[in-house]
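Engineer: One file is attached below, data27.txt, containing compact mmCIF, C-alpha atoms.
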# COMPACT_ATOMS: atom_id res chain seq x y z
CA MET A 505 -1.67 51.52 60.20
CA THR A 506 -3.58 54.77 59.78
CA GLU A 507 -5.79 54.99 56.69
CA TRP A 508 -5.25 58.59 55.74
CA THR A 509 -7.58 60.75 53.68
CA ALA A 510 -7.11 64.36 52.67
CA GLU A 511 -9.67 65.31 55.30
CA THR A 512 -8.03 63.41 58.17
CA ILE A 513 -4.60 64.78 57.23
CA LYS A 514 -5.93 68.32 57.33
CA GLU A 515 -7.45 67.63 60.74
CA ALA A 516 -4.18 66.21 62.08
CA TYR A 517 -1.98 68.86 60.43
CA PRO A 518 -4.15 71.97 60.30
CA TYR A 519 -1.37 74.56 60.05
CA LEU A 520 -0.31 74.83 56.41
CA TYR A 521 2.61 77.04 55.36
CA GLU A 522 3.56 78.12 51.87
CA THR A 523 7.37 77.92 51.86
CA HIS A 524 8.10 79.11 48.31
CA LEU A 525 6.33 82.24 47.08
CA HIS A 526 7.26 85.15 44.82
CA THR A 527 5.99 88.71 44.52
CA SER A 528 6.27 91.09 41.59
CA GLN A 529 8.16 93.60 43.74
CA GLY A 530 11.06 91.23 44.33
CA SER A 531 10.90 88.76 41.44
CA ALA A 532 10.81 89.71 37.76
CA CYS A 533 8.73 86.57 37.15
CA GLY A 534 6.21 87.52 39.84
CA LYS A 535 2.72 88.44 38.65
CA ALA A 536 1.20 89.95 41.80
CA GLU A 537 2.27 92.27 44.60
CA GLY A 538 2.77 91.18 48.18
CA ALA A 539 -0.63 92.26 49.48
CA GLN A 540 -2.39 90.45 46.64
CA MET A 541 -0.44 87.27 47.35
CA ALA A 542 -1.26 87.50 51.05
CA ARG A 543 -4.99 87.85 50.35
CA ALA A 544 -4.96 84.93 47.91
CA CYS A 545 -3.10 82.68 50.35
CA LYS A 546 -5.39 83.60 53.23
CA ALA A 547 -8.42 82.76 51.08
CA ALA A 548 -6.79 79.43 50.16
CA GLY A 549 -6.55 78.44 53.82
CA TYR A 550 -2.90 78.96 54.65
CA THR A 551 -1.79 79.69 58.20
CA GLY A 552 1.34 81.43 56.99
CA ILE A 553 3.65 82.07 54.06
CA PHE A 554 7.34 82.64 53.40
CA VAL A 555 8.02 85.32 50.82
CA THR A 556 11.07 84.00 48.95
CA ASP A 557 11.79 86.39 46.10
CA HIS A 558 14.70 85.90 43.70
CA ASN A 559 17.90 87.56 44.86
CA TRP A 560 20.65 89.30 42.85
CA GLY A 561 21.85 85.93 41.52
CA GLY A 562 18.48 85.06 40.03
CA ASN A 563 15.49 86.61 38.35
CA THR A 564 15.24 89.60 40.65
CA ALA A 565 12.99 92.57 39.90
CA VAL A 566 15.25 95.01 41.75
CA ASP A 567 17.89 97.12 40.00
CA ARG A 568 21.23 95.42 40.73
CA SER A 569 23.10 98.72 40.36
CA LEU A 570 21.51 100.19 43.51
CA PRO A 571 23.67 100.63 46.61
CA TRP A 572 23.35 97.61 48.88
CA GLU A 573 21.09 99.15 51.55
CA GLU A 574 18.79 100.59 48.90
CA TRP A 575 18.73 97.28 47.06
CA THR A 576 17.78 95.33 50.18
CA ALA A 577 15.07 97.85 51.06
CA GLU A 578 13.55 97.54 47.59
CA PHE A 579 13.94 93.77 47.66
CA ALA A 580 11.98 93.48 50.91
CA LYS A 581 9.02 95.56 49.72
CA GLY A 582 6.98 92.54 48.60
CA TYR A 583 7.56 90.84 51.96
CA ARG A 584 6.76 93.95 54.00
CA GLU A 585 3.59 94.64 52.03
CA ALA A 586 2.51 91.00 52.41
CA ARG A 587 3.25 91.11 56.13
CA ALA A 588 1.21 94.27 56.64
CA GLU A 589 -1.72 92.71 54.81
CA GLY A 590 -1.22 89.47 56.70
CA GLU A 591 -1.44 91.27 60.02
CA ARG A 592 -4.74 92.73 58.92
CA LEU A 593 -6.09 89.38 57.72
CA GLY A 594 -4.65 86.99 60.30
CA LEU A 595 -2.00 85.42 58.04
CA ASP A 596 1.55 84.95 59.31
CA VAL A 597 4.14 86.23 56.83
CA PHE A 598 7.83 85.33 57.17
CA PHE A 599 10.87 86.58 55.26
CA GLY A 600 13.17 84.50 53.11
CA TRP A 601 14.71 84.57 49.67
CA GLU A 602 15.68 82.34 46.77
CA ALA A 603 19.38 82.55 46.05
CA GLY A 604 20.61 81.81 42.52
CA PHE A 605 23.96 80.47 41.34
CA CYS A 606 23.91 80.06 37.54
CA GLY A 607 20.51 78.38 37.69
CA THR A 608 21.08 76.36 40.87
CA GLU A 609 18.79 77.82 43.54
CA PHE A 610 18.50 77.71 47.30
CA LEU A 611 15.75 78.83 49.68
CA ILE A 612 16.99 80.79 52.68
CA TYR A 613 14.89 80.81 55.86
CA GLY A 614 15.11 82.27 59.35
CA LEU A 615 16.86 85.56 58.63
CA THR A 616 15.50 89.10 58.29
CA PRO A 617 15.74 92.03 55.87
CA GLU A 618 17.83 93.75 58.54
CA TRP A 619 20.28 90.83 58.62
CA LEU A 620 20.53 90.94 54.83
CA ALA A 621 21.19 94.69 54.83
CA ALA A 622 23.93 94.22 57.44
CA HIS A 623 25.74 91.51 55.45
CA PRO A 624 26.67 92.87 52.01
CA GLU A 625 29.42 90.24 51.79
CA ILE A 626 26.79 87.62 51.00
CA LYS A 627 26.36 89.17 47.57
CA GLU A 628 29.81 87.90 46.54
CA ALA A 629 29.55 84.56 48.36
CA ASP A 630 29.77 81.23 46.58
CA VAL A 631 27.62 78.27 47.67
CA LYS A 632 30.03 77.26 50.44
CA GLU A 633 30.41 80.78 51.81
CA GLN A 634 26.67 81.38 51.59
CA TYR A 635 26.13 78.34 53.79
CA ARG A 636 28.65 79.58 56.36
CA LEU A 637 27.13 83.06 56.52
CA VAL A 638 23.53 81.85 56.74
CA LYS A 639 24.37 79.26 59.40
CA GLU A 640 26.29 81.81 61.46
CA GLY A 641 23.26 84.08 61.28
CA GLY A 642 20.97 81.31 62.56
CA GLY A 643 19.30 80.67 59.22
CA MET A 644 18.71 77.58 57.10
CA VAL A 645 19.61 76.71 53.51
CA VAL A 646 17.27 74.42 51.55
CA HIS A 647 18.09 73.30 48.01
CA ALA A 648 15.15 74.35 45.84
CA HIS A 649 13.89 71.92 43.16
CA PRO A 650 17.35 70.28 42.87
CA PHE A 651 16.57 68.05 39.88
CA ARG A 652 14.58 70.50 37.75
CA GLU A 653 15.66 70.60 34.11
CA GLU A 654 15.08 73.88 32.27
CA ALA A 655 16.91 76.11 29.80
CA TYR A 656 17.98 78.46 32.60
CA ILE A 657 19.59 75.57 34.53
CA PRO A 658 22.70 74.50 32.59
CA GLU A 659 23.21 71.39 34.71
CA VAL A 660 22.00 69.68 37.88
CA ARG A 661 24.48 70.48 40.65
CA LEU A 662 24.15 69.05 44.14
CA PHE A 663 25.72 70.38 47.34
CA PRO A 664 24.68 68.07 50.19
CA GLU A 665 27.43 69.40 52.46
CA PHE A 666 26.25 73.00 52.07
CA VAL A 667 22.49 72.65 52.64
CA ASP A 668 20.30 71.88 55.65
CA GLY A 669 17.37 70.47 53.69
CA VAL A 670 15.87 69.69 50.30
CA GLU A 671 12.68 70.92 48.66
CA GLY A 672 11.15 67.48 48.15
CA LEU A 673 7.85 68.67 46.71
CA ASN A 674 7.49 71.64 44.37
CA ALA A 675 3.92 72.11 43.21
CA THR A 676 4.87 73.71 39.91
CA HIS A 677 6.15 70.27 38.91
CA THR A 678 2.94 68.37 39.62
CA SER A 679 -0.03 70.61 40.38
CA PRO A 680 -2.81 70.51 37.78
CA LEU A 681 -2.98 74.30 38.17
CA SER A 682 0.64 74.77 37.13
CA LEU A 683 1.54 75.51 33.53
CA SER A 684 5.33 75.38 33.92
CA HIS A 685 8.13 73.05 35.02
CA LYS A 686 5.91 69.98 34.61
CA SER A 687 7.47 66.67 35.56
CA THR A 688 6.44 63.54 37.42
CA VAL A 689 9.98 62.54 38.39
CA TRP A 690 11.94 65.55 39.66
CA ASP A 691 10.33 65.63 43.11
CA GLY A 692 10.80 61.90 43.59
CA GLN A 693 14.48 62.31 42.77
CA ALA A 694 14.71 65.15 45.30
CA ARG A 695 13.15 63.09 48.08
CA ALA A 696 15.45 60.15 47.35
CA TYR A 697 18.44 62.51 47.41
CA ALA A 698 17.34 63.94 50.77
CA LYS A 699 16.93 60.45 52.22
CA GLU A 700 20.37 59.40 50.97
CA HIS A 701 21.98 62.30 52.82
CA GLY A 702 19.73 62.37 55.89
CA LEU A 703 18.33 65.81 55.08
CA PRO A 704 14.80 66.99 55.95
CA VAL A 705 12.42 67.74 53.10
CA THR A 706 10.10 70.67 52.59
CA GLY A 707 7.10 71.19 50.38
CA GLY A 708 6.18 74.42 48.63
CA SER A 709 4.31 75.74 45.61
CA ASP A 710 6.88 78.02 43.95
CA VAL A 711 3.86 80.20 43.26
CA HIS A 712 4.17 83.43 41.26
CA SER A 713 0.58 84.61 40.94
CA THR A 714 -2.75 84.61 42.75
CA THR A 715 -3.55 81.26 41.15
CA ILE A 716 -2.73 79.38 44.35
CA PHE A 717 -1.60 75.77 43.99
CA GLY A 718 -2.14 74.70 47.61
CA GLY A 719 1.31 73.22 48.12
CA GLY A 720 3.31 73.56 51.30
CA THR A 721 4.41 72.09 54.60
CA ALA A 722 1.80 71.40 57.30
CA PHE A 723 2.31 70.96 61.03
CA PRO A 724 0.15 69.84 63.95
CA ARG A 725 1.02 73.09 65.76
CA LYS A 726 1.25 76.75 64.83
CA LEU A 727 4.71 78.12 64.14
CA ALA A 728 5.85 81.28 65.87
CA ASP A 729 8.22 82.53 63.17
CA GLY A 730 10.88 81.49 60.69
CA GLN A 731 13.19 80.37 63.47
CA ASP A 732 10.46 78.10 64.78
CA PHE A 733 10.15 76.57 61.30
CA ILE A 734 13.86 75.77 61.37
CA LYS A 735 13.55 74.34 64.87
CA ALA A 736 10.71 72.06 63.80
CA LEU A 737 12.63 70.73 60.78
CA ARG A 738 15.94 70.26 62.56
CA GLY A 739 14.30 68.88 65.68
CA GLY A 740 12.53 66.10 63.83
CA GLU A 741 9.01 67.30 64.60
CA ASP A 742 6.11 65.69 62.81
CA TYR A 743 4.85 67.32 59.62
CA VAL A 744 3.57 66.51 56.14
CA ILE A 745 4.16 68.04 52.71
CA THR A 746 1.74 68.56 49.84
CA ASP A 747 1.51 69.81 46.27
CA GLY A 748 -2.14 70.65 46.84
CA VAL A 749 -3.27 67.26 45.53
CA ARG A 750 -1.02 64.62 47.07
CA TRP A 751 0.15 64.39 50.66
CA TYR A 752 3.43 62.88 51.81
CA ALA A 753 4.91 62.09 55.23
CA LYS A 754 8.07 63.97 56.13
CA ASP A 755 10.12 60.90 55.19
CA GLY A 756 8.74 61.02 51.65
CA TRP A 757 6.14 58.25 51.85
CA LEU A 758 2.95 58.93 49.92
CA LEU A 759 -0.03 59.14 52.28
CA VAL A 760 -2.83 60.22 49.96
CA GLN A 761 -2.79 60.05 46.18
CA ALA A 762 -5.43 62.68 45.57
CA GLU A 763 -8.10 64.62 47.36
CA ALA A 764 -11.56 63.09 47.39
Since I need it in another form, could you write the structure as structure tokens?
Structural biologist:
Amino acid sequence: MTEWTAETIKEAYPYLYETHLHTSQGSACGKAEGAQMARACKAAGYTGIFVTDHNWGGNTAVDRSLPWEEWTAEFAKGYREARAEGERLGLDVFFGWEAGFCGTEFLIYGLTPEWLAAHPEIKEADVKEQYRLVKEGGGMVVHAHPFREEAYIPEVRLFPEFVDGVEGLNATHTSPLSLSHKSTVWDGQARAYAKEHGLPVTGGSDVHSTTIFGGGTAFPRKLADGQDFIKALRGGEDYVITDGVRWYAKDGWLLVQAEA
């Protein structure tokens, strides 16, 4: 049995991706613009990031009264700015979003701003219809922090038949750098839920500012794009997840309690 340390894990899984990140252009709770977030994540050692701003059903920063194409263009500004800065710095930046349904939230991966602009029907979709549309488009739906308890979440609602994965580690819950959503149990509940339903888990920081938590999903190889991320998860490839302090195997087993 391998005796893992934080150092040996980073050697074996050197490509770390932030899968849950907000910008101030797309999320009203965001504290920094896309370029700032890209620079902070590059300095923190990430290979790539997914910009997952809050959509029209959540805490979006974009005027909901705008016509759909204008809304999607404004919504993607944080991503596009981060991507431009990432190209300059050598940081891969992928598009996604966090979809909200009365406090229940889902991370959408593998689609593009162009796909979003071409599918205005998704704005009126319920959880089931969202899943159909995203799957038809070649994307992936991951239930974000499914067991979080906060005032903005009226109840925990689970939809195992309408998701492709579960966020099993959210660094805002456990990182010593986080000042919100603190809990030692929610992530464990999420990983147990994923195991019960045979769903892959992801790790991300849910980061809103340039105070970078270090959470994410790490692979032994470099990912080409968001579609490659989906392929790796669905194909059962090897990876680990982290909150920036602890490291877990993809099946949820704790590998390292804390960095040395």
Engineer: Which residues are near Val597 in chain A? Cut-off 9 Å, only C-alpha atoms, ignore same chain within fewer than 5 positions. Put them as a PyMOL selection string.
Structural biologist: chain A and resi 542+551-555+583-584+586-591+729
Engineer: Pick out the residues sitting within 8 Å of Gly604 in chain A, and hand them over as a list of chain:residue names; count only C-alpha atoms, and ignore anything fewer than 3 positions along from it in its own chain.
Structural biologist: A:His558, A:Asn559, A:Trp560, A:Gly561, A:Gly562, A:Gly607, A:Thr608, A:Glu609, A:Phe610
Engineer: Just want the 6 Å neighbourhood of Gly719 in chain A, counted on all atoms listed in the file, with same-chain residues fewer than 4 positions away dropped. Output as a JSON list (two decimals) with C-alpha atoms, in the frame of the given file.
Structural biologist:
[["chain", "number", "residue", "atom", "x", "y", "z"],
["A", 675, "ALA", "CA", 3.92, 72.11, 43.21],
["A", 708, "GLY", "CA", 6.18, 74.42, 48.63],
["A", 709, "SER", "CA", 4.31, 75.74, 45.61],
["A", 746, "THR", "CA", 1.74, 68.56, 49.84],
["A", 747, "ASP", "CA", 1.51, 69.81, 46.27],
["A", 748, "GLY", "CA", -2.14, 70.65, 46.84]]
Engineer: Counting all atoms listed in the file, figure out which residue out of A:Thr576, A:Thr721, A:Asn674, A:Ser713 gets nearest to Lys627 in chain A.
Structural biologist: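 Ranked by minimum distance to Lys627 in chain A, first place goes to A:Thr576.
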Engineer: Suppose you want the space between CA of Lys699 in chain A and CA of Glu741 in chain A; what is it in Å?
Structural biologist: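 Pair CA of Lys699 in chain A / CA of Glu741 in chain A returns 16.2 Å.
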Engineer: Using all atoms listed in the file, which of A:Tyr550, A:Tyr656, A:Tyr635, A:Phe579 sits nearest Leu620 in chain A?
Structural biologist: A:Phe579
Engineer: Nearest to Lys735 in chain A among A:Ala722, A:Ala565, A:Leu595, A:Met644, with distances taken over all atoms listed in the file: which residue is it?
Structural biologist: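 Of the candidates, the smallest distance to Lys735 in chain A is held by A:Met644.
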Engineer: Work out where the centre of an axis-aligned box around every listed atom of range 515-523 of chain A lies and how long its edges are once 4 Å is added on each side; give both in Å to one decimal as JSON.
Structural biologist:
{"center_x": 0.0, "center_y": 72.2, "center_z": 57.0, "size_x": 22.8, "size_y": 19.9, "size_z": 18.2}
Engineer: Which residues, written as a tab-separated table (two decimals) with C-alpha atoms, in the frame of the given file, have at least one atom at most 10 Å from Lys514 in chain A, with all atoms listed in the file counted and residues fewer than 3 positions away on the same chain left out?
Structural biologist:
chain	number	residue	atom	x	y	z
A	508	TRP	CA	-5.25	58.59	55.74
A	509	THR	CA	-7.58	60.75	53.68
A	510	ALA	CA	-7.11	64.36	52.67
A	511	GLU	CA	-9.67	65.31	55.30
A	517	TYR	CA	-1.98	68.86	60.43
A	518	PRO	CA	-4.15	71.97	60.30
A	519	TYR	CA	-1.37	74.56	60.05
A	520	LEU	CA	-0.31	74.83	56.41
A	722	ALA	CA	1.80	71.40	57.30
A	723	PHE	CA	2.31	70.96	61.03
A	724	PRO	CA	0.15	69.84	63.95
A	744	VAL	CA	3.57	66.51	56.14
A	751	TRP	CA	0.15	64.39	50.66
Engineer: Of the candidates A:Gly614, A:Pro650, A:Thr688, A:Leu593, which shows the shortest atom-to-atom distance to Ala547 in chain A, using all atoms listed in the file?
Structural biologist: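 Among A:Gly614, A:Pro650, A:Thr688, A:Leu593, it is A:Leu593 that comes nearest to Ala547 in chain A.
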Engineer: Between CA of Ile716 in chain A and CA of Cys545 in chain A, what is the spacing in Å?
Structural biologist: 6.9 Å
Engineer: Using only C-alpha atoms, which of A:Ala696, A:Ala621, A:Val749, A:Leu525 sits nearest Gln540 in chain A?
Structural biologist: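 Smallest separation from Gln540 in chain A among the options: A:Leu525.
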Engineer: Could you tell me how far CA of Asp755 in chain A lies from CA of Phe717 in chain A, in Å and to one decimal?
Structural biologist: 22.0 Å
Engineer: Counting all atoms listed in the file, figure out which residue out of A:Ser684, A:Asp732, A:Gly672, A:Thr714 gets nearest to Gly756 in chain A.
Structural biologist: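 Closest to Gly756 in chain A, using all atoms listed in the file: A:Gly672.
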